[in-house]
Every structure is written in structure tokens, then in C-alpha cells.
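*Asks:* I'm passing along query-v7.pdb; it holds PDB, C-alpha atoms and all ligand atoms.
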ATOM      1  CA  MET A   1     -61.169 108.727 -17.160  1.00  0.00           C
ATOM      2  CA  LYS A   2     -60.162 111.390 -14.752  1.00  0.00           C
ATOM      3  CA  ARG A   3     -56.921 112.872 -16.049  1.00  0.00           C
ATOM      4  CA  THR A   4     -57.285 115.682 -18.555  1.00  0.00           C
ATOM      5  CA  THR A   5     -54.307 117.666 -19.789  1.00  0.00           C
ATOM      6  CA  SER A   6     -54.741 117.737 -23.551  1.00  0.00           C
ATOM      7  CA  PRO A   7     -58.070 118.056 -25.336  1.00  0.00           C
ATOM      8  CA  ASP A   8     -57.151 115.679 -28.133  1.00  0.00           C
ATOM      9  CA  SER A   9     -55.954 112.613 -26.391  1.00  0.00           C
ATOM     10  CA  HIS A  10     -57.564 112.817 -22.956  1.00  0.00           C
ATOM     11  CA  LEU A  11     -61.193 111.891 -22.638  1.00  0.00           C
ATOM     12  CA  SER A  12     -63.499 112.539 -19.753  1.00  0.00           C
ATOM     13  CA  ARG A  13     -66.288 110.030 -19.241  1.00  0.00           C
ATOM     14  CA  ARG A  14     -68.696 112.735 -20.425  1.00  0.00           C
ATOM     15  CA  ASN A  15     -66.739 113.129 -23.612  1.00  0.00           C
ATOM     16  CA  PHE A  16     -67.076 109.443 -24.423  1.00  0.00           C
ATOM     17  CA  LEU A  17     -70.576 110.185 -25.686  1.00  0.00           C
ATOM     18  CA  LYS A  18     -69.340 113.038 -27.860  1.00  0.00           C
ATOM     19  CA  TYR A  19     -66.864 110.741 -29.528  1.00  0.00           C
ATOM     20  CA  ALA A  20     -69.557 108.151 -29.996  1.00  0.00           C
ATOM     21  CA  VAL A  21     -71.605 110.599 -32.047  1.00  0.00           C
ATOM     22  CA  MET A  22     -68.579 111.923 -33.951  1.00  0.00           C
ATOM     23  CA  GLY A  23     -67.296 108.464 -34.545  1.00  0.00           C
ATOM     24  CA  THR A  24     -70.434 106.810 -35.833  1.00  0.00           C
ATOM     25  CA  VAL A  25     -69.994 105.302 -39.276  1.00  0.00           C
ATOM     26  CA  VAL A  26     -73.030 104.979 -41.450  1.00  0.00           C
ATOM     27  CA  ILE A  27     -73.115 101.673 -43.266  1.00  0.00           C
ATOM     28  CA  ASN A  28     -74.776 101.555 -46.635  1.00  0.00           C
ATOM     29  CA  ALA A  29     -77.782  99.284 -46.158  1.00  0.00           C
ATOM     30  CA  ALA A  30     -77.839  98.131 -49.755  1.00  0.00           C
ATOM     31  CA  MET A  31     -74.191  97.069 -49.557  1.00  0.00           C
ATOM     32  CA  LEU A  32     -74.919  95.238 -46.337  1.00  0.00           C
ATOM     33  CA  SER A  33     -77.703  93.131 -47.739  1.00  0.00           C
ATOM     34  CA  SER A  34     -75.798  92.209 -50.873  1.00  0.00           C
ATOM     35  CA  PHE A  35     -72.730  91.125 -48.897  1.00  0.00           C
ATOM     36  CA  SER A  36     -74.643  89.161 -46.352  1.00  0.00           C
ATOM     37  CA  SER A  37     -77.187  87.357 -48.477  1.00  0.00           C
ATOM     38  CA  SER A  38     -74.583  85.169 -50.107  1.00  0.00           C
ATOM     39  CA  TRP A  39     -73.360  83.937 -46.727  1.00  0.00           C
ATOM     40  CA  ALA A  40     -76.714  83.308 -45.205  1.00  0.00           C
ATOM     41  CA  ALA A  41     -76.754  79.663 -46.162  1.00  0.00           C
ATOM     42  CA  GLY A  42     -73.998  77.280 -45.309  1.00  0.00           C
ATOM     43  CA  SER A  43     -71.384  79.777 -44.164  1.00  0.00           C
ATOM     44  CA  LYS A  44     -71.346  78.679 -40.540  1.00  0.00           C
ATOM     45  CA  GLY A  45     -68.102  77.866 -38.912  1.00  0.00           C
ATOM     46  CA  ASN A  46     -64.850  77.220 -40.502  1.00  0.00           C
ATOM     47  CA  ASN A  47     -64.397  80.371 -42.576  1.00  0.00           C
ATOM     48  CA  MET A  48     -64.975  82.595 -39.551  1.00  0.00           C
ATOM     49  CA  LEU A  49     -62.557  83.907 -36.981  1.00  0.00           C
ATOM     50  CA  ILE A  50     -63.564  85.653 -33.785  1.00  0.00           C
ATOM     51  CA  LEU A  51     -60.561  87.730 -32.796  1.00  0.00           C
ATOM     52  CA  TYR A  52     -60.857  89.698 -29.601  1.00  0.00           C
ATOM     53  CA  PHE A  53     -59.035  91.486 -26.819  1.00  0.00           C
ATOM     54  CA  SER A  54     -60.475  91.725 -23.325  1.00  0.00           C
ATOM     55  CA  HIS A  55     -58.896  93.216 -20.224  1.00  0.00           C
ATOM     56  CA  SER A  56     -61.602  92.531 -17.647  1.00  0.00           C
ATOM     57  CA  GLY A  57     -63.729  89.902 -19.407  1.00  0.00           C
ATOM     58  CA  ASN A  58     -66.696  91.838 -20.846  1.00  0.00           C
ATOM     59  CA  THR A  59     -65.660  91.615 -24.479  1.00  0.00           C
ATOM     60  CA  ARG A  60     -64.810  87.943 -24.036  1.00  0.00           C
ATOM     61  CA  LYS A  61     -68.467  87.320 -23.079  1.00  0.00           C
ATOM     62  CA  ILE A  62     -69.646  88.790 -26.382  1.00  0.00           C
ATOM     63  CA  ALA A  63     -67.031  86.797 -28.281  1.00  0.00           C
ATOM     64  CA  GLU A  64     -68.378  83.632 -26.657  1.00  0.00           C
ATOM     65  CA  GLN A  65     -71.964  84.558 -27.508  1.00  0.00           C
ATOM     66  CA  ILE A  66     -71.024  85.072 -31.160  1.00  0.00           C
ATOM     67  CA  ARG A  67     -69.236  81.722 -31.159  1.00  0.00           C
ATOM     68  CA  GLU A  68     -72.257  80.060 -29.585  1.00  0.00           C
ATOM     69  CA  ARG A  69     -74.306  80.992 -32.637  1.00  0.00           C
ATOM     70  CA  MET A  70     -71.795  81.108 -35.470  1.00  0.00           C
ATOM     71  CA  GLY A  71     -69.130  78.573 -34.559  1.00  0.00           C
ATOM     72  CA  GLY A  72     -65.743  79.414 -36.004  1.00  0.00           C
ATOM     73  CA  ASP A  73     -62.346  79.801 -34.416  1.00  0.00           C
ATOM     74  CA  MET A  74     -61.690  82.122 -31.512  1.00  0.00           C
ATOM     75  CA  ILE A  75     -58.378  83.845 -30.821  1.00  0.00           C
ATOM     76  CA  GLU A  76     -57.678  86.180 -27.918  1.00  0.00           C
ATOM     77  CA  LEU A  77     -55.211  88.960 -28.632  1.00  0.00           C
ATOM     78  CA  LYS A  78     -52.583  89.040 -25.892  1.00  0.00           C
ATOM     79  CA  THR A  79     -49.644  91.328 -25.341  1.00  0.00           C
ATOM     80  CA  VAL A  80     -46.170  90.100 -24.462  1.00  0.00           C
ATOM     81  CA  THR A  81     -46.377  92.146 -21.271  1.00  0.00           C
ATOM     82  CA  PRO A  82     -49.852  91.820 -19.784  1.00  0.00           C
ATOM     83  CA  TYR A  83     -51.643  95.030 -18.858  1.00  0.00           C
ATOM     84  CA  PRO A  84     -51.860  95.808 -15.139  1.00  0.00           C
ATOM     85  CA  LYS A  85     -55.012  94.580 -13.431  1.00  0.00           C
ATOM     86  CA  ASP A  86     -55.350  97.803 -11.437  1.00  0.00           C
ATOM     87  CA  TYR A  87     -57.880 100.077 -13.170  1.00  0.00           C
ATOM     88  CA  ASP A  88     -56.040 103.388 -12.749  1.00  0.00           C
ATOM     89  CA  ALA A  89     -52.771 101.807 -13.843  1.00  0.00           C
ATOM     90  CA  VAL A  90     -54.209 100.343 -17.039  1.00  0.00           C
ATOM     91  CA  VAL A  91     -56.056 103.577 -17.789  1.00  0.00           C
ATOM     92  CA  ASP A  92     -52.787 105.508 -17.507  1.00  0.00           C
ATOM     93  CA  GLN A  93     -50.848 103.007 -19.570  1.00  0.00           C
ATOM     94  CA  ALA A  94     -53.469 102.898 -22.318  1.00  0.00           C
ATOM     95  CA  GLN A  95     -53.552 106.678 -22.428  1.00  0.00           C
ATOM     96  CA  GLN A  96     -49.801 106.911 -22.769  1.00  0.00           C
ATOM     97  CA  GLU A  97     -49.733 104.266 -25.468  1.00  0.00           C
ATOM     98  CA  GLN A  98     -52.306 106.190 -27.441  1.00  0.00           C
ATOM     99  CA  GLN A  99     -50.495 109.512 -27.000  1.00  0.00           C
ATOM    100  CA  ASN A 100     -47.224 107.919 -28.111  1.00  0.00           C
ATOM    101  CA  ASN A 101     -48.874 106.055 -30.991  1.00  0.00           C
ATOM    102  CA  ALA A 102     -47.234 102.984 -29.491  1.00  0.00           C
ATOM    103  CA  ARG A 103     -47.210  99.498 -30.939  1.00  0.00           C
ATOM    104  CA  PRO A 104     -47.244  97.191 -27.894  1.00  0.00           C
ATOM    105  CA  GLN A 105     -45.599  93.855 -28.621  1.00  0.00           C
ATOM    106  CA  ILE A 106     -48.116  91.107 -29.113  1.00  0.00           C
ATOM    107  CA  ALA A 107     -47.801  87.468 -28.135  1.00  0.00           C
ATOM    108  CA  THR A 108     -50.639  86.293 -30.368  1.00  0.00           C
ATOM    109  CA  GLU A 109     -50.236  84.728 -33.778  1.00  0.00           C
ATOM    110  CA  ILE A 110     -52.973  84.005 -36.279  1.00  0.00           C
ATOM    111  CA  PRO A 111     -52.216  80.713 -37.982  1.00  0.00           C
ATOM    112  CA  ASN A 112     -53.817  80.251 -41.413  1.00  0.00           C
ATOM    113  CA  LEU A 113     -55.312  83.718 -41.709  1.00  0.00           C
ATOM    114  CA  GLU A 114     -55.959  82.903 -45.367  1.00  0.00           C
ATOM    115  CA  LYS A 115     -58.609  80.335 -44.469  1.00  0.00           C
ATOM    116  CA  TYR A 116     -60.957  82.962 -43.031  1.00  0.00           C
ATOM    117  CA  ASP A 117     -63.382  85.034 -45.090  1.00  0.00           C
ATOM    118  CA  ILE A 118     -65.111  86.682 -42.160  1.00  0.00           C
ATOM    119  CA  ILE A 119     -63.375  88.162 -39.146  1.00  0.00           C
ATOM    120  CA  PHE A 120     -65.289  89.327 -36.095  1.00  0.00           C
ATOM    121  CA  LEU A 121     -63.033  91.744 -34.283  1.00  0.00           C
ATOM    122  CA  GLY A 122     -63.877  92.522 -30.660  1.00  0.00           C
ATOM    123  CA  PHE A 123     -62.443  95.043 -28.243  1.00  0.00           C
ATOM    124  CA  PRO A 124     -63.182  97.230 -25.250  1.00  0.00           C
ATOM    125  CA  SER A 125     -63.292 100.915 -26.087  1.00  0.00           C
ATOM    126  CA  TRP A 126     -60.031 102.341 -24.757  1.00  0.00           C
ATOM    127  CA  TRP A 127     -59.883 106.103 -24.829  1.00  0.00           C
ATOM    128  CA  GLY A 128     -62.476 106.180 -27.579  1.00  0.00           C
ATOM    129  CA  THR A 129     -60.983 103.615 -29.918  1.00  0.00           C
ATOM    130  CA  ILE A 130     -59.377 100.161 -30.260  1.00  0.00           C
ATOM    131  CA  PRO A 131     -56.594  99.307 -27.801  1.00  0.00           C
ATOM    132  CA  MET A 132     -53.178  99.928 -29.355  1.00  0.00           C
ATOM    133  CA  PRO A 133     -52.245  96.209 -29.601  1.00  0.00           C
ATOM    134  CA  PHE A 134     -54.738  96.019 -32.467  1.00  0.00           C
ATOM    135  CA  PHE A 135     -52.611  98.526 -34.362  1.00  0.00           C
ATOM    136  CA  THR A 136     -49.658  96.169 -33.908  1.00  0.00           C
ATOM    137  CA  LEU A 137     -51.730  93.178 -35.004  1.00  0.00           C
ATOM    138  CA  LEU A 138     -53.377  94.759 -38.031  1.00  0.00           C
ATOM    139  CA  GLU A 139     -50.115  96.191 -39.299  1.00  0.00           C
ATOM    140  CA  LYS A 140     -48.561  92.742 -39.015  1.00  0.00           C
ATOM    141  CA  TYR A 141     -51.424  90.779 -40.606  1.00  0.00           C
ATOM    142  CA  ASP A 142     -53.001  91.954 -43.844  1.00  0.00           C
ATOM    143  CA  ILE A 143     -56.766  91.511 -43.652  1.00  0.00           C
ATOM    144  CA  GLY A 144     -57.008  92.344 -47.355  1.00  0.00           C
ATOM    145  CA  ASP A 145     -60.542  92.326 -48.693  1.00  0.00           C
ATOM    146  CA  LYS A 146     -61.929  89.992 -46.051  1.00  0.00           C
ATOM    147  CA  THR A 147     -65.131  90.909 -44.287  1.00  0.00           C
ATOM    148  CA  LEU A 148     -64.529  92.634 -40.969  1.00  0.00           C
ATOM    149  CA  ILE A 149     -67.259  92.816 -38.342  1.00  0.00           C
ATOM    150  CA  PRO A 150     -66.412  94.859 -35.251  1.00  0.00           C
ATOM    151  CA  PHE A 151     -67.907  94.374 -31.811  1.00  0.00           C
ATOM    152  CA  CYS A 152     -67.202  96.520 -28.816  1.00  0.00           C
ATOM    153  CA  THR A 153     -67.933  96.873 -25.130  1.00  0.00           C
ATOM    154  CA  HIS A 154     -67.668 100.269 -23.479  1.00  0.00           C
ATOM    155  CA  GLU A 155     -68.955 102.563 -20.755  1.00  0.00           C
ATOM    156  CA  GLY A 156     -70.733 105.054 -22.981  1.00  0.00           C
ATOM    157  CA  SER A 157     -68.622 105.973 -25.986  1.00  0.00           C
ATOM    158  CA  ARG A 158     -69.869 103.096 -28.130  1.00  0.00           C
ATOM    159  CA  PHE A 159     -67.631 102.685 -31.179  1.00  0.00           C
ATOM    160  CA  GLY A 160     -66.099 106.158 -30.826  1.00  0.00           C
ATOM    161  CA  ARG A 161     -63.314 106.482 -33.394  1.00  0.00           C
ATOM    162  CA  SER A 162     -62.692 102.756 -33.646  1.00  0.00           C
ATOM    163  CA  GLU A 163     -64.423 102.138 -36.953  1.00  0.00           C
ATOM    164  CA  GLN A 164     -62.459 104.913 -38.649  1.00  0.00           C
ATOM    165  CA  ASP A 165     -59.232 103.542 -37.191  1.00  0.00           C
ATOM    166  CA  LEU A 166     -60.103 100.035 -38.377  1.00  0.00           C
ATOM    167  CA  LYS A 167     -60.830 101.360 -41.853  1.00  0.00           C
ATOM    168  CA  ARG A 168     -57.463 103.067 -41.921  1.00  0.00           C
ATOM    169  CA  LEU A 169     -55.720  99.883 -40.776  1.00  0.00           C
ATOM    170  CA  CYS A 170     -57.696  97.606 -43.112  1.00  0.00           C
ATOM    171  CA  PRO A 171     -58.521  99.839 -46.067  1.00  0.00           C
ATOM    172  CA  ARG A 172     -59.674  97.041 -48.375  1.00  0.00           C
ATOM    173  CA  ALA A 173     -61.760  95.178 -45.835  1.00  0.00           C
ATOM    174  CA  ARG A 174     -65.530  95.101 -46.222  1.00  0.00           C
ATOM    175  CA  MET A 175     -66.759  96.336 -42.895  1.00  0.00           C
ATOM    176  CA  LEU A 176     -70.232  95.359 -41.785  1.00  0.00           C
ATOM    177  CA  GLU A 177     -72.399  96.943 -39.125  1.00  0.00           C
ATOM    178  CA  GLY A 178     -70.905  96.142 -35.749  1.00  0.00           C
ATOM    179  CA  PHE A 179     -72.339  95.365 -32.331  1.00  0.00           C
ATOM    180  CA  GLU A 180     -71.793  97.495 -29.259  1.00  0.00           C
ATOM    181  CA  VAL A 181     -72.971  97.108 -25.691  1.00  0.00           C
ATOM    182  CA  ARG A 182     -72.123  98.505 -22.285  1.00  0.00           C
ATOM    183  CA  GLY A 183     -69.664  96.271 -20.522  1.00  0.00           C
ATOM    184  CA  SER A 184     -71.978  95.755 -17.558  1.00  0.00           C
ATOM    185  CA  ARG A 185     -74.620  94.303 -19.890  1.00  0.00           C
ATOM    186  CA  ALA A 186     -72.311  91.986 -21.812  1.00  0.00           C
ATOM    187  CA  GLY A 187     -73.283  88.890 -19.827  1.00  0.00           C
ATOM    188  CA  GLY A 188     -76.965  89.211 -20.753  1.00  0.00           C
ATOM    189  CA  ALA A 189     -76.488  90.278 -24.344  1.00  0.00           C
ATOM    190  CA  GLN A 190     -77.137  86.985 -26.174  1.00  0.00           C
ATOM    191  CA  ARG A 191     -80.563  88.054 -27.460  1.00  0.00           C
ATOM    192  CA  ASN A 192     -79.195  91.346 -28.747  1.00  0.00           C
ATOM    193  CA  VAL A 193     -76.258  89.542 -30.307  1.00  0.00           C
ATOM    194  CA  ASP A 194     -78.680  87.167 -32.037  1.00  0.00           C
ATOM    195  CA  ALA A 195     -80.796  90.062 -33.322  1.00  0.00           C
ATOM    196  CA  TRP A 196     -77.693  91.755 -34.711  1.00  0.00           C
ATOM    197  CA  LEU A 197     -76.477  88.556 -36.386  1.00  0.00           C
ATOM    198  CA  HIS A 198     -79.897  88.233 -38.013  1.00  0.00           C
ATOM    199  CA  LYS A 199     -79.827  91.859 -39.094  1.00  0.00           C
ATOM    200  CA  ILE A 200     -76.520  91.506 -40.871  1.00  0.00           C
ATOM    201  CA  GLY A 201     -77.684  88.305 -42.505  1.00  0.00           C
ATOM    202  CA  LEU A 202     -75.375  85.811 -40.826  1.00  0.00           C
ATOM    203  CA  LEU A 203     -77.950  84.050 -38.699  1.00  0.00           C
ATOM    204  CA  THR A 204     -80.888  82.671 -40.579  1.00  0.00           C
ATOM    205  CA  GLU A 205     -82.505  80.272 -38.119  1.00  0.00           C
TER     206      GLU A 205
HETATM  207  C1  LIG B   1     -57.809 101.704 -20.332  1.00  0.00           C
HETATM  208  C2  LIG B   1     -59.301 101.872 -20.418  1.00  0.00           C
HETATM  209  C3  LIG B   1     -59.827 102.867 -21.216  1.00  0.00           C
HETATM  210  C4  LIG B   1     -61.220 102.975 -21.365  1.00  0.00           C
HETATM  211  N1  LIG B   1     -61.706 103.932 -22.199  1.00  0.00           N
HETATM  212  C5  LIG B   1     -63.051 103.981 -22.406  1.00  0.00           C
HETATM  213  C6  LIG B   1     -63.584 104.908 -23.329  1.00  0.00           C
HETATM  214  O1  LIG B   1     -62.895 105.693 -23.965  1.00  0.00           O
HETATM  215  N2  LIG B   1     -64.924 104.907 -23.507  1.00  0.00           N
HETATM  216  C7  LIG B   1     -65.758 104.064 -22.815  1.00  0.00           C
HETATM  217  O2  LIG B   1     -66.944 104.116 -23.015  1.00  0.00           O
HETATM  218  N3  LIG B   1     -65.255 103.164 -21.943  1.00  0.00           N
HETATM  219  C8  LIG B   1     -63.940 103.103 -21.733  1.00  0.00           C
HETATM  220  N4  LIG B   1     -63.427 102.172 -20.873  1.00  0.00           N
HETATM  221  C9  LIG B   1     -64.333 101.174 -20.287  1.00  0.00           C
HETATM  222  C10 LIG B   1     -64.256  99.829 -21.056  1.00  0.00           C
HETATM  223  O3  LIG B   1     -64.384 100.034 -22.452  1.00  0.00           O
HETATM  224  C11 LIG B   1     -65.360  98.884 -20.626  1.00  0.00           C
HETATM  225  O4  LIG B   1     -65.343  98.682 -19.246  1.00  0.00           O
HETATM  226  C12 LIG B   1     -65.258  97.554 -21.349  1.00  0.00           C
HETATM  227  O5  LIG B   1     -66.473  96.841 -21.222  1.00  0.00           O
HETATM  228  C13 LIG B   1     -64.126  96.685 -20.818  1.00  0.00           C
HETATM  229  O6  LIG B   1     -64.080  95.508 -21.590  1.00  0.00           O
HETATM  230  P1  LIG B   1     -63.219  94.240 -21.171  1.00  0.00           P
HETATM  231  O7  LIG B   1     -63.812  93.721 -19.889  1.00  0.00           O
HETATM  232  O8  LIG B   1     -63.407  93.292 -22.304  1.00  0.00           O
HETATM  233  O9  LIG B   1     -61.809  94.686 -20.995  1.00  0.00           O
HETATM  234  C14 LIG B   1     -62.067 102.082 -20.678  1.00  0.00           C
HETATM  235  C15 LIG B   1     -61.513 101.117 -19.817  1.00  0.00           C
HETATM  236  C16 LIG B   1     -60.152 101.014 -19.685  1.00  0.00           C
HETATM  237  C17 LIG B   1     -59.573  99.955 -18.785  1.00  0.00           C
END
Can you present the structure in this file as C-alpha cells?
*Replies:*
Amino acid sequence: MKRTTSPDSHLSRRNFLKYAVMGTVVINAAMLSSFSSSWAAGSKGNNMLILYFSHSGNTRKIAEQIRERMGGDMIELKTVTPYPKDYDAVVDQAQQEQQNNARPQIATEIPNLEKYDIIFLGFPSWWGTIPMPFFTLLEKYDIGDKTLIPFCTHEGSRFGRSEQDLKRLCPRARMLEGFEVRGSRAGGAQRNVDAWLHKIGLLTE
């Protein structure tokens, strides 16, 4: 990101890494294994939702790889007004939305949220965190104490501040260890996705 006028809200590409370190959330391993062991058998499919946003397609590839293994429903988060395709334009718009703490209008609805126990939530890192439409979505829909599993594509900042922001938006959710990968590697990430799903106890085969 090339524009830098305020240290708080403007990130240089170099600073992505800094935020990644600052933003890392340590998951309690004991909690993880106790949550996941009960799902290991027979939880495939219909209690899972893969909810994702993708501007240029990288995050969608990971969403599809998760679906390939886990089944479940897949919903793409879309805004009423689509983001510009031009890179500089979307970078500017996303930056402004974050600075203004905006809530972009969303076109997506989640029918039957109550039927899901496990929600995979996928996003590209935008200025170190989740794109602002997720703030709109997660203020509209109460995730409650469902299990939330983030996944993220990025260009170096990994999860950045996103896990903290998700915890603030979904304070009762049980958040499991997420998956992150550089956007350019998303297409070839199936093996890493599988290893992660095994690690968190969702994939047992
Ligand atoms: C508006 C915008 C902001 C971005 N901010 C970051 C960032 O803070 N850190 C980072 O590592 N990558 C950042 N990127 C790169 C994207 O996270 C990365 O290319 C991602 O894989 C795009 O996913 P998508 O194809 O699903 O949209 C940004 C990209 C855009 C368009």
C-alpha cells in the first residue's frame, strides 16, 4: 500500500509483517483439542457454513478447498455496490472505509444461520484486518457461541488484527486456529489446508 499519511490507519507493505506479529492470537491447545474431538466423527457437512469474501479470487480458492474436504454450505459475502476492479481504486476505497469505520451495505443474506454449528470465515487481509463488509455482516447476524474458524489470504501480514476484530464482533464465539496463506499460493494450498483441518481435528481420514 503506497499512501501513508497517518501511522495508525495507513500501512506500508513492510508494516504488514509488523501487524502480523502484533496481531497473532495464541490459541490454547488444550481448548482446541477438547472442542475438536467431539466433532471428529460424523460432523461433516450440513452443520458447517463456509462464509467468505474475495475481491480477486484467492480467498475463494481456499473456500473451495475447504468445501472439497468438509462439505457444507458456501456463501460469498457481496456488497450492494461492488468494489472497483482497479487495484489502486479498491486500495483507496478500503482504506477510507477503515478510517471512517464504515459499514458498507451488504447484499448477502444468511438463511437459516441457526442450523450451523461451525462457521469457516474467509477473507483477504485488507489493511491488516477483515474487510469492512464483515463488520456490517457480523453486527447484523449474531454468531453467538458457534465455532468460528477464520481463514485468510494476504501478501505478508497474515492475520494481522483480524482475529482480535473478529473476537470483538463475535465475543461469545469459540474461535479455533485459523489458516493463512499468501494469495499467490492459494491455488496450490490444498495439502496445507488438509494438514490444518487435521490439526484442528475436523478431518480424520
Ligand atoms: C484493498 C486491499 C488491501 C490489502 N491490504 C493488505 C494488507 O494489509 N496486508 C496484506 O498482507 N495484504 C493486503 N492486501 C493483499 C490481499 O490481502 C491479497 O492479495 C489477497 O490474497 C487477496 O485476496 P482475494 O483475491 O480473495 O481478494 C490488500 C489488497 C487489497 C485489494
*Asks:* Determine, using all atoms listed in the file, which residues of chain A have any atom at most 8 Å from an atom of ligand LIG 1 (chain B), and tabulate each with its shortest atom pair and distance in Å to one decimal place, rows ordered by chain and then rising number, as JSON lines.
*Replies:*
{"residue": "A:Met1", "atom": "CA", "partner": "B:LIG1", "partner_atom": "N1", "distance": 7.0}
{"residue": "A:Leu11", "atom": "CA", "partner": "B:LIG1", "partner_atom": "O1", "distance": 6.6}
{"residue": "A:Arg13", "atom": "CA", "partner": "B:LIG1", "partner_atom": "N2", "distance": 6.8}
{"residue": "A:Phe16", "atom": "CA", "partner": "B:LIG1", "partner_atom": "N2", "distance": 5.1}
{"residue": "A:Leu17", "atom": "CA", "partner": "B:LIG1", "partner_atom": "O2", "distance": 7.6}
{"residue": "A:Phe53", "atom": "CA", "partner": "B:LIG1", "partner_atom": "O8", "distance": 6.5}
{"residue": "A:Ser54", "atom": "CA", "partner": "B:LIG1", "partner_atom": "O8", "distance": 3.5}
{"residue": "A:His55", "atom": "CA", "partner": "B:LIG1", "partner_atom": "O9", "distance": 3.4}
{"residue": "A:Ser56", "atom": "CA", "partner": "B:LIG1", "partner_atom": "O7", "distance": 3.4}
{"residue": "A:Gly57", "atom": "CA", "partner": "B:LIG1", "partner_atom": "O7", "distance": 3.9}
{"residue": "A:Asn58", "atom": "CA", "partner": "B:LIG1", "partner_atom": "O7", "distance": 3.6}
{"residue": "A:Thr59", "atom": "CA", "partner": "B:LIG1", "partner_atom": "O8", "distance": 3.6}
{"residue": "A:Arg60", "atom": "CA", "partner": "B:LIG1", "partner_atom": "O8", "distance": 5.8}
{"residue": "A:Lys61", "atom": "CA", "partner": "B:LIG1", "partner_atom": "O8", "distance": 7.9}
{"residue": "A:Tyr87", "atom": "CA", "partner": "B:LIG1", "partner_atom": "C17", "distance": 5.9}
{"residue": "A:Asp88", "atom": "CA", "partner": "B:LIG1", "partner_atom": "C17", "distance": 7.8}
{"residue": "A:Val90", "atom": "CA", "partner": "B:LIG1", "partner_atom": "C1", "distance": 5.1}
{"residue": "A:Val91", "atom": "CA", "partner": "B:LIG1", "partner_atom": "C1", "distance": 3.6}
{"residue": "A:Asp92", "atom": "CA", "partner": "B:LIG1", "partner_atom": "C1", "distance": 6.9}
{"residue": "A:Gln93", "atom": "CA", "partner": "B:LIG1", "partner_atom": "C1", "distance": 7.1}
{"residue": "A:Ala94", "atom": "CA", "partner": "B:LIG1", "partner_atom": "C1", "distance": 4.9}
{"residue": "A:Gln95", "atom": "CA", "partner": "B:LIG1", "partner_atom": "C1", "distance": 6.9}
{"residue": "A:Phe123", "atom": "CA", "partner": "B:LIG1", "partner_atom": "O8", "distance": 6.3}
{"residue": "A:Pro124", "atom": "CA", "partner": "B:LIG1", "partner_atom": "O3", "distance": 4.1}
{"residue": "A:Ser125", "atom": "CA", "partner": "B:LIG1", "partner_atom": "O3", "distance": 3.9}
{"residue": "A:Trp126", "atom": "CA", "partner": "B:LIG1", "partner_atom": "N1", "distance": 3.4}
{"residue": "A:Trp127", "atom": "CA", "partner": "B:LIG1", "partner_atom": "O1", "distance": 3.2}
{"residue": "A:Gly128", "atom": "CA", "partner": "B:LIG1", "partner_atom": "O1", "distance": 3.7}
{"residue": "A:Thr129", "atom": "CA", "partner": "B:LIG1", "partner_atom": "O1", "distance": 6.6}
{"residue": "A:Pro131", "atom": "CA", "partner": "B:LIG1", "partner_atom": "C1", "distance": 7.9}
{"residue": "A:Cys152", "atom": "CA", "partner": "B:LIG1", "partner_atom": "O5", "distance": 7.6}
{"residue": "A:Thr153", "atom": "CA", "partner": "B:LIG1", "partner_atom": "O5", "distance": 4.2}
{"residue": "A:His154", "atom": "CA", "partner": "B:LIG1", "partner_atom": "O3", "distance": 3.4}
{"residue": "A:Glu155", "atom": "CA", "partner": "B:LIG1", "partner_atom": "O2", "distance": 3.4}
{"residue": "A:Gly156", "atom": "CA", "partner": "B:LIG1", "partner_atom": "O2", "distance": 3.9}
{"residue": "A:Ser157", "atom": "CA", "partner": "B:LIG1", "partner_atom": "O2", "distance": 3.9}
{"residue": "A:Arg158", "atom": "CA", "partner": "B:LIG1", "partner_atom": "O2", "distance": 6.0}
{"residue": "A:Gly160", "atom": "CA", "partner": "B:LIG1", "partner_atom": "N2", "distance": 7.5}
{"residue": "A:Val181", "atom": "CA", "partner": "B:LIG1", "partner_atom": "O5", "distance": 7.9}
{"residue": "A:Arg182", "atom": "CA", "partner": "B:LIG1", "partner_atom": "O5", "distance": 6.0}
{"residue": "A:Gly183", "atom": "CA", "partner": "B:LIG1", "partner_atom": "O5", "distance": 3.3}
{"residue": "A:Ser184", "atom": "CA", "partner": "B:LIG1", "partner_atom": "O5", "distance": 6.7}
{"residue": "A:Ala186", "atom": "CA", "partner": "B:LIG1", "partner_atom": "O5", "distance": 7.6}
*Asks:* Pick out the residues sitting within 7 Å of region 142-150 of chain A, and hand them over as a tab-separated table (two decimals) with C-alpha atoms, in the coordinates of the input; count only C-alpha atoms, and ignore anything fewer than 6 positions along from it in its own chain.
*Replies:*
chain	number	residue	atom	x	y	z
A	117	ASP	CA	-63.38	85.03	-45.09
A	118	ILE	CA	-65.11	86.68	-42.16
A	119	ILE	CA	-63.38	88.16	-39.15
A	120	PHE	CA	-65.29	89.33	-36.10
A	121	LEU	CA	-63.03	91.74	-34.28
A	122	GLY	CA	-63.88	92.52	-30.66
A	170	CYS	CA	-57.70	97.61	-43.11
A	172	ARG	CA	-59.67	97.04	-48.38
A	173	ALA	CA	-61.76	95.18	-45.84
A	174	ARG	CA	-65.53	95.10	-46.22
A	175	MET	CA	-66.76	96.34	-42.90
A	176	LEU	CA	-70.23	95.36	-41.78
A	177	GLU	CA	-72.40	96.94	-39.12
A	178	GLY	CA	-70.90	96.14	-35.75
A	179	PHE	CA	-72.34	95.36	-32.33
*Asks:* Between CA of Glu139 (chain A) and CA of Gly71 (chain A), what distance in Å does the model show, to one decimal?
*Replies:*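 Calculated distance between CA of Glu139 (chain A) and CA of Gly71 (chain A) is 26.4 Å.
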*Asks:* Just how far from CA of Gln164 (chain A) is CA of Asn192 (chain A), in Å to one decimal?
*Replies:*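 Separation between CA of Asn192 (chain A) and CA of Gln164 (chain A): 23.7 Å.
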*Asks:* Rounded to one decimal in Å, what is the spacing between CA of Asn46 (chain A) and CA of Glu114 (chain A)?
*Replies:* 11.6 Å
*Asks:* Exactly which residues make up the result of the PyMOL selection byres (((chain A and resi 77) around 8) and not hetatm) on this file, given as JSON, numbers by chain?
*Replies:* {"A": [51, 52, 53, 54, 75, 76, 78, 79, 106, 107, 108, 133]}
*Asks:* Could you give me the centre and size, in Å to one decimal, of an axis-aligned box around all listed atoms of region 94-112 of chain A with 6 Å added on every side, as lines of an AutoDock Vina configuration file?
*Replies:*
center_x = -49.7
center_y = 94.9
center_z = -31.9
size_x = 20.2
size_y = 41.3
size_z = 31.1
*Asks:* Pick out the closest residue to Leu169 (chain A) from this set: A:Gly188, A:Pro111, A:Glu97, A:Phe135. Count all atoms listed in the file.
*Replies:* A:Phe135
*Asks:* Which residues would end up in the selection if the PyMOL selection byres (((chain A and resi 197) around 12) and not hetatm) were applied here, given that I need the answer as a PyMOL selection string?
*Replies:* chain A and resi 36+39-40+44+65-70+120+149-151+176-179+190-196+198-205
